[in-house]
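my_file.cif, holding mmCIF, C-alpha atoms:
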```
data_data
#
loop_
_atom_site.label_atom_id
_atom_site.label_comp_id
_atom_site.auth_asym_id
_atom_site.auth_seq_id
_atom_site.Cartn_x
_atom_site.Cartn_y
_atom_site.Cartn_z
CA MET A 1 106.78 83.60 88.69
CA ALA A 2 104.52 86.37 89.86
CA PRO A 3 105.90 89.78 88.97
CA ALA A 4 107.74 91.19 91.96
CA ASN A 5 106.75 94.53 93.32
CA LYS A 6 109.42 96.78 91.89
CA LYS A 7 107.94 99.92 93.36
CA LEU A 8 108.99 99.01 96.87
CA ILE A 9 110.85 101.95 98.30
CA LEU A 10 112.64 101.73 101.60
CA GLY A 11 114.46 104.47 103.41
CA PRO A 12 118.20 104.62 102.83
CA ILE A 13 120.14 101.82 104.52
CA SER A 14 123.31 103.08 106.11
CA PRO A 15 125.88 101.83 108.60
CA ALA A 16 125.71 105.32 110.10
CA ALA A 17 122.03 104.85 111.03
CA PRO A 18 121.18 103.06 114.27
CA GLY A 19 120.85 99.29 114.15
CA THR A 20 122.46 96.74 111.89
CA LEU A 21 121.74 96.90 108.16
CA TYR A 22 119.42 93.90 108.30
CA GLN A 23 117.53 95.44 111.24
CA GLN A 24 117.09 98.64 109.23
CA ILE A 25 115.55 96.60 106.41
CA VAL A 26 113.24 94.81 108.85
CA ASP A 27 112.14 98.12 110.35
CA GLY A 28 111.73 99.70 106.91
CA LEU A 29 109.51 96.89 105.66
CA LYS A 30 107.48 96.89 108.88
CA ARG A 31 106.91 100.59 108.43
CA GLU A 32 105.70 100.02 104.86
CA VAL A 33 103.30 97.37 106.11
CA SER A 34 102.04 99.12 109.22
CA GLU A 35 101.46 102.36 107.35
CA GLY A 36 99.52 100.50 104.67
CA ARG A 37 101.80 101.15 101.70
CA LEU A 38 102.36 97.41 101.45
CA LYS A 39 98.99 95.67 101.51
CA PRO A 40 98.33 92.05 102.52
CA GLY A 41 99.07 89.79 99.56
CA ALA A 42 101.43 92.29 97.93
CA SER A 43 104.51 90.60 96.54
CA LEU A 44 107.95 91.63 97.67
CA PRO A 45 111.06 91.73 95.48
CA SER A 46 113.37 88.70 95.60
CA PHE A 47 116.34 88.78 98.01
CA ARG A 48 118.64 89.43 95.15
CA GLN A 49 116.59 92.21 93.61
CA LEU A 50 116.25 94.03 96.88
CA ALA A 51 119.95 93.53 97.63
CA GLU A 52 120.79 95.14 94.30
CA ASP A 53 118.39 97.95 94.97
CA LEU A 54 119.63 98.72 98.48
CA LEU A 55 123.28 97.94 97.66
CA VAL A 56 123.66 95.43 100.46
CA SER A 57 124.61 91.76 100.43
CA VAL A 58 122.04 89.13 99.57
CA ILE A 59 122.54 87.54 102.98
CA THR A 60 121.53 90.79 104.69
CA VAL A 61 118.19 90.86 102.85
CA LYS A 62 117.73 87.13 103.37
CA ARG A 63 118.17 87.53 107.09
CA ALA A 64 115.69 90.43 107.19
CA TYR A 65 113.11 88.37 105.27
CA GLU A 66 113.69 85.38 107.57
CA GLU A 67 113.00 87.51 110.59
CA LEU A 68 109.85 89.03 109.09
CA GLU A 69 108.71 85.54 108.19
CA ARG A 70 109.24 84.32 111.75
CA GLU A 71 107.16 87.22 113.00
CA GLY A 72 104.40 86.27 110.58
CA ILE A 73 104.53 89.56 108.69
CA ILE A 74 105.50 88.02 105.36
CA TYR A 75 105.39 84.50 103.93
CA ARG A 76 107.25 82.68 101.21
CA ARG A 77 105.85 80.36 98.56
CA GLN A 78 108.41 78.17 96.87
CA GLY A 79 108.80 79.27 93.27
CA LEU A 80 106.27 82.07 93.58
CA GLY A 81 107.97 84.58 95.77
CA THR A 82 107.47 86.44 99.02
CA PHE A 83 104.24 88.13 100.03
CA VAL A 84 102.84 90.29 102.79
CA ALA A 85 100.76 88.13 105.15
CA ASP A 86 97.09 88.85 105.79
CA LEU A 87 97.90 89.45 109.40
CA GLY A 88 101.00 91.40 108.41
CA HIS A 89 99.46 94.72 109.27
CA ASP A 90 98.40 93.65 112.78
CA ARG A 91 101.60 91.76 113.47
CA SER A 92 103.67 94.63 112.35
CA ARG A 93 101.70 96.97 114.57
CA GLU A 94 102.05 94.55 117.46
CA ALA A 95 105.78 94.29 116.92
CA LYS A 96 106.04 98.06 116.85
CA LEU A 97 104.11 98.31 120.11
CA ASN A 98 106.46 95.83 121.71
CA VAL A 99 109.46 97.83 120.60
CA ALA A 100 107.85 101.07 121.80
CA GLN A 101 107.10 99.50 125.18
CA GLU A 102 110.67 98.33 125.52
CA LEU A 103 112.04 101.74 124.58
CA PHE A 104 109.71 103.49 127.03
CA ARG A 105 110.82 101.12 129.78
CA GLU A 106 114.46 101.87 129.00
CA ALA A 107 113.82 105.60 128.83
CA ALA A 108 111.96 105.55 132.14
CA GLN A 109 114.83 103.72 133.76
CA GLU A 110 117.41 106.15 132.42
CA ALA A 111 115.31 109.07 133.59
CA ALA A 112 114.87 107.54 137.05
CA GLU A 113 118.62 106.97 137.24
CA ALA A 114 119.11 110.62 136.35
CA GLY A 115 117.03 111.44 139.44
CA LEU A 116 113.74 112.43 137.78
CA LYS A 117 110.54 111.89 139.75
CA GLN A 118 107.62 110.03 138.18
CA SER A 119 105.75 113.26 137.53
CA GLU A 120 108.82 114.74 135.88
CA ILE A 121 109.23 111.70 133.68
CA LEU A 122 105.62 111.98 132.51
CA GLU A 123 106.12 115.68 131.86
CA LEU A 124 109.19 114.90 129.79
CA ALA A 125 107.31 112.27 127.80
CA GLN A 126 104.50 114.73 127.10
CA LYS A 127 106.95 117.35 125.95
CA ILE A 128 108.53 114.89 123.54
CA ILE A 129 105.20 113.68 122.17
CA LYS A 130 104.08 117.24 121.54
CA GLY A 131 107.35 117.94 119.79
CA LYS A 132 108.76 120.04 122.68
CA MET B 1 127.01 70.91 93.66
CA ASN B 2 126.41 73.74 96.06
CA ASN B 3 129.93 75.04 96.31
CA ALA B 4 131.58 77.00 93.55
CA ILE B 5 135.05 76.56 94.99
CA GLU B 6 136.28 73.99 97.49
CA ILE B 7 139.84 74.08 98.72
CA ARG B 8 140.94 71.24 100.97
CA GLY B 9 144.30 70.98 102.68
CA LEU B 10 145.99 73.25 100.17
CA VAL B 11 149.71 73.66 100.80
CA LYS B 12 152.27 75.76 98.97
CA ASN B 13 155.79 76.19 100.28
CA TYR B 14 158.04 79.12 99.53
CA PRO B 15 161.42 79.72 101.09
CA ALA B 16 160.04 82.46 103.33
CA PHE B 17 156.34 81.63 103.46
CA LYS B 18 154.10 78.63 103.84
CA LEU B 19 150.51 78.67 102.70
CA GLY B 20 148.19 76.22 104.40
CA PRO B 21 147.10 73.65 105.04
CA LEU B 22 144.19 75.80 103.88
CA ASP B 23 140.50 74.92 103.58
CA LEU B 24 138.11 77.34 101.90
CA THR B 25 134.49 76.84 100.90
CA VAL B 26 132.88 79.34 98.56
CA PRO B 27 129.15 78.66 98.19
CA ARG B 28 127.54 79.02 94.79
CA GLY B 29 125.61 82.22 94.19
CA ALA B 30 127.46 84.11 96.91
CA ILE B 31 129.77 87.06 97.03
CA TYR B 32 132.65 85.77 99.14
CA GLY B 33 135.10 88.19 100.73
CA LEU B 34 138.59 86.87 101.27
CA ILE B 35 140.36 89.08 103.76
CA GLY B 36 143.63 89.06 105.63
CA PRO B 37 146.63 91.25 106.40
CA ASN B 38 149.28 91.90 103.77
CA GLY B 39 151.28 88.76 103.15
CA ALA B 40 148.60 86.45 104.57
CA GLY B 41 148.48 84.40 101.37
CA LYS B 42 145.35 85.74 99.67
CA THR B 43 146.95 86.31 96.29
CA THR B 44 148.89 83.05 96.52
CA ALA B 45 145.66 81.15 97.13
CA ILE B 46 143.86 82.94 94.30
CA ASP B 47 146.73 82.34 91.87
CA LEU B 48 146.75 78.63 92.72
CA ILE B 49 143.02 78.37 92.00
CA PHE B 50 143.82 79.59 88.50
CA GLY B 51 146.65 77.15 88.00
CA MET B 52 149.32 79.79 88.36
CA GLY B 53 151.99 77.87 90.21
CA LYS B 54 152.04 74.26 91.35
CA THR B 55 150.53 73.21 94.65
CA ASP B 56 152.56 71.23 97.16
CA GLY B 57 149.55 69.39 98.54
CA GLY B 58 145.80 69.36 98.88
CA GLU B 59 143.03 69.77 96.39
CA ILE B 60 141.22 72.61 94.67
CA ARG B 61 137.83 71.97 93.10
CA VAL B 62 136.22 74.66 90.99
CA LEU B 63 132.60 74.04 89.96
CA GLY B 64 133.17 70.46 91.09
CA LEU B 65 136.16 70.05 88.75
CA ASN B 66 139.75 69.34 89.68
CA HIS B 67 141.65 72.56 89.04
CA GLN B 68 144.55 70.88 87.27
CA ARG B 69 142.85 68.15 85.27
CA ALA B 70 140.09 70.49 84.06
CA GLU B 71 142.18 73.61 83.69
CA VAL B 72 140.85 74.60 80.29
CA GLN B 73 137.20 74.11 81.23
CA ILE B 74 137.68 76.10 84.40
CA LYS B 75 139.39 78.94 82.58
CA GLN B 76 136.43 79.12 80.21
CA ARG B 77 133.93 79.27 83.05
CA ALA B 78 135.84 81.43 85.52
CA ALA B 79 137.29 84.90 85.11
CA TYR B 80 140.07 86.64 86.96
CA VAL B 81 140.56 90.33 87.58
CA SER B 82 143.64 91.85 89.14
CA PRO B 83 145.09 95.35 89.29
CA ASP B 84 148.20 93.92 87.60
CA LEU B 85 146.39 93.13 84.35
CA ASN B 86 147.57 95.40 81.61
CA PHE B 87 145.59 96.04 78.44
CA MET B 88 147.74 98.91 77.22
CA VAL B 89 149.01 97.04 74.13
CA TRP B 90 145.60 97.28 72.45
CA GLY B 91 145.72 101.06 72.45
CA LYS B 92 142.02 101.78 72.62
CA VAL B 93 139.22 100.36 74.74
CA GLY B 94 137.24 99.20 71.71
CA LYS B 95 140.18 97.25 70.34
CA ALA B 96 140.79 95.51 73.66
CA ILE B 97 137.12 94.52 73.80
CA ARG B 98 137.12 93.20 70.22
CA PHE B 99 140.24 91.19 70.98
CA VAL B 100 139.04 89.63 74.23
CA ARG B 101 135.48 88.87 73.12
CA GLY B 102 136.76 86.56 70.38
CA PHE B 103 137.95 84.05 72.96
CA TYR B 104 134.66 83.61 74.77
CA PRO B 105 131.54 82.08 73.23
CA ASN B 106 129.34 83.44 76.03
CA TRP B 107 130.42 87.03 75.45
CA ASP B 108 127.41 89.30 75.90
CA ASP B 109 127.53 92.40 73.67
CA ALA B 110 124.44 94.01 75.17
CA TYR B 111 125.77 93.55 78.69
CA CYS B 112 129.13 94.90 77.57
CA ALA B 113 127.43 98.04 76.26
CA THR B 114 125.53 98.46 79.54
CA LEU B 115 128.74 98.11 81.51
CA MET B 116 130.52 100.63 79.27
CA LYS B 117 127.84 103.15 80.14
CA ALA B 118 127.81 102.29 83.85
CA PHE B 119 131.59 102.59 84.08
CA GLY B 120 131.81 105.68 81.89
CA LEU B 121 134.08 104.05 79.31
CA SER B 122 133.99 104.53 75.57
CA ASP B 123 135.39 102.59 72.58
CA THR B 124 137.65 105.43 71.59
CA ASP B 125 139.25 105.97 75.02
CA LYS B 126 143.01 105.50 74.92
CA ILE B 127 143.90 102.88 77.50
CA ALA B 128 147.25 104.48 78.28
CA THR B 129 145.59 107.71 79.35
CA LEU B 130 142.85 106.13 81.46
CA SER B 131 143.00 106.78 85.18
CA PHE B 132 143.94 103.89 87.45
CA GLY B 133 140.31 103.46 88.44
CA ALA B 134 139.11 103.45 84.82
CA LYS B 135 141.67 100.77 83.95
CA MET B 136 140.38 98.67 86.82
CA LYS B 137 136.83 99.14 85.51
CA LEU B 138 137.93 98.09 82.03
CA SER B 139 139.49 94.98 83.48
CA LEU B 140 136.28 94.22 85.35
CA LEU B 141 134.17 94.87 82.26
CA LEU B 142 136.24 92.47 80.17
CA ALA B 143 135.69 89.79 82.83
CA LEU B 144 131.97 90.45 83.45
CA ALA B 145 130.93 90.59 79.79
CA ARG B 146 132.14 87.00 79.41
CA ARG B 147 129.31 86.03 81.78
CA PRO B 148 131.61 83.79 83.81
CA GLU B 149 130.17 81.40 86.38
CA ILE B 150 132.88 82.39 88.79
CA LEU B 151 134.47 85.78 88.99
CA ILE B 152 137.64 86.10 91.03
CA LEU B 153 138.77 89.58 91.90
CA ASP B 154 142.05 90.39 93.57
CA GLU B 155 141.87 93.80 95.21
CA PRO B 156 139.46 95.23 92.63
CA THR B 157 138.72 98.43 94.50
CA THR B 158 142.24 99.53 95.38
CA GLY B 159 142.63 103.12 94.27
CA LEU B 160 138.97 103.55 93.34
CA ASP B 161 137.11 106.59 94.61
CA PRO B 162 133.95 105.94 96.67
CA VAL B 163 131.61 106.50 93.73
CA SER B 164 133.52 104.08 91.50
CA LYS B 165 133.65 101.55 94.31
CA GLN B 166 129.90 101.69 94.65
CA GLN B 167 129.48 101.25 90.89
CA VAL B 168 131.70 98.19 91.01
CA PHE B 169 129.79 96.59 93.88
CA ALA B 170 126.45 97.43 92.27
CA GLU B 171 127.61 95.53 89.17
CA LEU B 172 128.80 92.61 91.29
CA LEU B 173 125.40 92.38 92.99
CA LYS B 174 123.79 92.36 89.54
CA ALA B 175 126.23 89.68 88.41
CA VAL B 176 125.08 87.30 91.17
CA GLU B 177 121.40 88.15 90.74
CA ASP B 178 120.43 84.86 89.12
CA GLY B 179 121.86 82.91 92.07
CA GLU B 180 124.06 80.79 89.80
CA ARG B 181 127.10 82.98 89.55
CA THR B 182 129.70 83.38 92.26
CA VAL B 183 132.13 86.15 93.11
CA LEU B 184 135.30 85.67 95.16
CA ILE B 185 136.83 88.97 96.09
CA SER B 186 139.95 89.74 98.05
CA SER B 187 140.03 93.21 99.48
CA HIS B 188 141.19 95.48 102.25
CA SER B 189 138.11 97.70 102.10
CA LEU B 190 136.47 95.91 104.95
CA SER B 191 133.47 98.18 105.28
CA ASP B 192 132.60 97.39 101.65
CA ILE B 193 133.18 93.69 102.16
CA GLU B 194 130.98 93.73 105.24
CA ARG B 195 128.21 95.47 103.36
CA PHE B 196 128.33 93.54 100.09
CA ALA B 197 129.72 90.08 100.80
CA ASP B 198 127.53 87.18 101.89
CA HIS B 199 130.36 85.04 103.15
CA VAL B 200 133.72 85.87 104.55
CA GLY B 201 136.98 84.02 105.04
CA MET B 202 139.80 85.56 107.03
CA ILE B 203 143.31 84.24 106.57
CA LYS B 204 146.47 85.02 108.46
CA ASN B 205 149.94 83.52 108.07
CA GLY B 206 148.64 81.22 105.36
CA LYS B 207 145.90 79.71 107.54
CA LEU B 208 142.17 80.20 107.74
CA LEU B 209 141.18 82.01 110.94
CA LEU B 210 137.46 82.29 110.38
CA GLU B 211 134.93 81.47 107.73
CA GLY B 212 131.17 81.66 107.45
CA ARG B 213 128.13 83.73 106.71
CA MET B 214 129.02 87.38 107.16
CA ASP B 215 126.22 88.13 109.62
CA GLU B 216 127.00 85.08 111.74
CA VAL B 217 130.72 85.76 111.85
CA VAL B 218 130.28 89.41 112.80
CA ASP B 219 127.54 88.61 115.32
CA ARG B 220 129.58 85.97 117.09
CA PHE B 221 132.12 88.39 118.53
CA ARG B 222 131.82 91.29 120.93
CA MET B 223 134.18 93.86 122.29
CA ALA B 224 133.99 93.44 126.07
CA GLU B 225 134.83 96.02 128.68
CA PHE B 226 134.85 94.86 132.29
CA PHE B 227 136.45 95.35 135.65
CA SER B 228 138.20 92.71 137.68
CA GLU B 229 139.85 92.98 141.07
CA ASN B 230 141.83 89.78 140.58
CA LYS B 231 145.38 90.45 139.56
CA THR B 232 145.92 88.00 136.72
CA PRO B 233 142.84 85.95 136.03
CA PHE B 234 142.44 86.70 132.34
CA HIS B 235 144.77 85.29 129.75
CA ASN B 236 144.33 84.90 126.02
CA ARG B 237 142.68 81.66 125.12
CA ASP B 238 140.51 80.38 122.29
CA GLY B 239 137.78 82.96 121.81
CA PHE B 240 139.20 85.47 124.26
CA ILE B 241 141.82 88.06 123.37
CA VAL B 242 142.96 90.78 125.73
CA LEU B 243 143.27 94.02 123.77
CA LYS B 244 144.06 96.53 126.50
CA ARG B 245 144.37 96.57 130.22
CA ASN B 246 144.61 99.48 132.57
CA GLU B 247 144.91 98.27 136.18
CA ASN B 248 141.61 96.51 136.86
CA ARG B 249 139.89 97.70 133.70
CA TRP B 250 140.04 95.33 130.76
CA HIS B 251 139.20 95.45 127.07
CA ALA B 252 138.93 92.15 125.27
CA LEU B 253 137.60 90.56 122.13
CA VAL B 254 135.26 87.74 123.07
CA ASP B 255 133.74 84.94 121.05
CA GLN B 256 130.25 84.62 122.49
CA LYS B 257 130.20 80.91 121.74
CA THR B 258 132.91 80.22 124.32
CA SER B 259 133.67 83.36 126.26
CA GLY B 260 130.51 85.43 126.53
CA GLN B 261 128.89 87.25 129.43
CA ASP B 262 128.39 84.09 131.54
CA TRP B 263 131.97 82.95 131.23
CA LEU B 264 133.25 86.42 132.14
CA GLN B 265 130.99 86.52 135.20
CA THR B 266 132.12 83.14 136.48
CA ARG B 267 135.66 84.44 136.20
CA GLY B 268 134.85 87.37 138.47
CA ALA B 269 134.40 90.12 135.88
CA GLU B 270 132.16 92.99 136.93
CA ASN B 271 130.34 95.80 135.14
CA ILE B 272 130.61 93.92 131.88
CA SER B 273 129.56 95.80 128.80
CA LEU B 274 129.54 94.11 125.42
CA THR B 275 129.62 96.09 122.19
CA ARG B 276 128.98 94.93 118.65
CA LEU B 277 131.91 95.07 116.27
CA THR B 278 132.31 95.89 112.64
CA LEU B 279 134.21 93.47 110.43
CA GLU B 280 137.06 95.96 110.50
CA ASP B 281 137.18 96.00 114.33
CA LEU B 282 137.17 92.23 114.34
CA PHE B 283 139.94 92.08 111.77
CA VAL B 284 142.16 94.50 113.71
CA ALA B 285 141.62 92.64 116.98
CA LEU B 286 142.39 89.25 115.49
CA VAL B 287 145.41 90.40 113.53
CA LYS B 288 146.89 92.38 116.42
CA GLU B 289 146.78 89.36 118.70
CA GLU B 290 149.85 87.90 117.06
CA GLU B 291 151.82 91.05 117.70
CA VAL B 292 150.93 91.19 121.40
CA LYS B 293 152.20 87.70 122.13
#
```

Please express the file's structure as structure tokens.
Amino acid sequence: MAPANKKLILGPISPAAPGTLYQQIVDGLKREVSEGRLKPGASLPSFRQLAEDLLVSVITVKRAYEELEREGIIYRRQGLGTFVADLGHDRSREAKLNVAQELFREAAQEAAEAGLKQSEILELAQKIIKGK
Amino acid sequence: MNNAIEIRGLVKNYPAFKLGPLDLTVPRGAIYGLIGPNGAGKTTAIDLIFGMGKTDGGEIRVLGLNHQRAEVQIKQRAAYVSPDLNFMVWGKVGKAIRFVRGFYPNWDDAYCATLMKAFGLSDTDKIATLSFGAKMKLSLLLALARRPEILILDEPTTGLDPVSKQQVFAELLKAVEDGERTVLISSHSLSDIERFADHVGMIKNGKLLLEGRMDEVVDRFRMAEFFSENKTPFHNRDGFIVLKRNENRWHALVDQKTSGQDWLQTRGAENISLTRLTLEDLFVALVKEEEVK
């Protein structure tokens, strides 16, 4: 077996944070990949190691890995382990863009329902991007 | 053999309580949370697995072995931890460890030492003066250091503070790390079970209500809020439990497999909002149902 990357550090996983625990792991790993801390080909810890590390059930980590695999961000090799895909960086960025788009759409709708005009919505978005 | 424990049609009759017919399937390598209200039959089921008491029907297979015919083998390969275990007679922690280790060829001294450190126990601690939580940890240590293939824990975190609880679950996750060992845990700390257990079985009145992968079980249900002008169109049925009703505003637990958004809409529900549940919410909703009827 290839030595697993034990240096993997994810943000704290908590039921108090938004999203389910498995979603938080998915997002955390995507962040590591999209920000380049996990490079293509890098090996990931086993389900069970990561579960121990994050203090969550094995099934939670398994589900997160399955989702990342479906999205093409990581891949598994029987008996060897789990690795970041070559396209992982792009895919992860793409996935993030999709999420951002969806959130913007939702935000725009909420703002419109609150009675904001298009110009006011853009103003609000600019304010937020500039950190108020 | 992919299941560590298989219970099929288990029945046990008491004058005031009937367990079963109960089916349980505990997959190998998993942490399995057995949950249910007080008096549901959790401890009865666990005791029967260990040959404490005779069954009145059905079969229990542990590691593929019949629980009665292979009792000795099973007891060597499986360990049991309960808050009722009492090690006081040995006086000191070290003496209890030396006594217990003699029975088990797989006893792991190095692991035992690691656990002592993790649980803050020492050889010279007097068992009688240990706190309740420390006694529980000792009991768990004596079971874990045997390196059992199956570890069965009855309410192991009752009375433990949050830090101790986390230490216990961290050790359980380590115990299943090789994918060969299995943990069956009965507990009322549902937020812990939801976080740490891979599989869950919920029993009530001696029967299995639900069983499966934790994420799938929790994902299947939603708390629904909706409005309906019809006077009495919604009754409890399989996968739909009314929790509260205030005129035309309803709260219900819905099983998305049978009673999701589409079903509610065809029944004339409006402004439907569905919310995810925690295992605890689900438990409360399912257990309360009985009381409403």

Handout entry: Distance in Å - CA of Glu229 (chain B) versus CA of Thr275 (chain B)
Key =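 Separating CA of Glu229 (chain B) from CA of Thr275 (chain B) is a distance of 21.7 Å.
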
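For chain A, the residues close to chain B, meaning within 10 Å and counting only C-alpha atoms, are Ser14, Pro15, Thr20, Leu21, Tyr22, Ser46, Phe47, Arg48, Gln49, Leu50, Ala51, Glu52, Asp53, Leu54, Leu55, Val56, Ser57, Val58, Ile59, Thr60, Lys62 and Arg63 of chain A.
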
Problem - Point (100.9, 90.6, 102.4) neighbourhood (7 Å, all atoms listed in the file) written as an MDAnalysis selection string - result: chainID A and resid 39:43 74 83:86 88

Practice task
Excluding Phe221 (chain B) and residues on its chain fewer than 3 positions from it, collect all residues at most 10 Å away from it, counting all atoms listed in the file, and give them as a PyMOL selection string.
Solution key: chain B and resi 216-218+224+239-240+253-257+259-260+274-279+282

Exercise for the section: Please provide the set of residues having any atom within 6 Å of region 91-104 of chain A, restricted to only C-alpha atoms, with same-chain residues fewer than 4 positions apart removed, written as a list in words. Expected result: Lys30, Ser34, Leu87 and Ala108 of chain A

Fill in the blank from the handout: A straight line from CA of Asp23 (chain B) to CA of Gln76 (chain B) spans 24.1 Å

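Here CA of Leu184 (chain B) is placed at a distance of 9.6 Å from CA of Ala4 (chain B).
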
Handout entry: Spatial neighbours of Ile150 (chain B), max dist 6 Å, all atoms listed in the file, sep filter under 4 positions, as number ranges by chain
Key = B: 78, 181-183

Practice task
Could you tell me which residues the PyMOL selection byres ((chain B and resi 133) around 9) returns for this structure, as JSON, numbers by chain?
Solution key: {"B": [130, 131, 132, 134, 135, 136, 137, 138, 157, 158, 159, 160, 161, 164]}

Handout entry: Among listed residues B:Asn236, B:Glu225, B:Thr258, B:Gln68, nearest Asn271 (chain B) (using only C-alpha atoms)
Key =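 Result for the nearest residue to Asn271 (chain B): B:Glu225.
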
Exercise for the section: Return the single residue from B:His188, B:Gly94, B:Asp123, B:Tyr80 that is closest to Leu140 (chain B), with distances computed using only C-alpha atoms. Expected result: B:Tyr80

Exercise for the section: Check which residues satisfy the PyMOL selection byres ((chain B and resi 251) around 7) in the file shown, then give them as a list in words. Expected result: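 Listing what the PyMOL selection byres ((chain B and resi 251) around 7) selects in the shown file: Ala224, Glu225, Phe226, Val242, Leu243, Lys244, Arg245, Trp250 and Ala252 of chain B.
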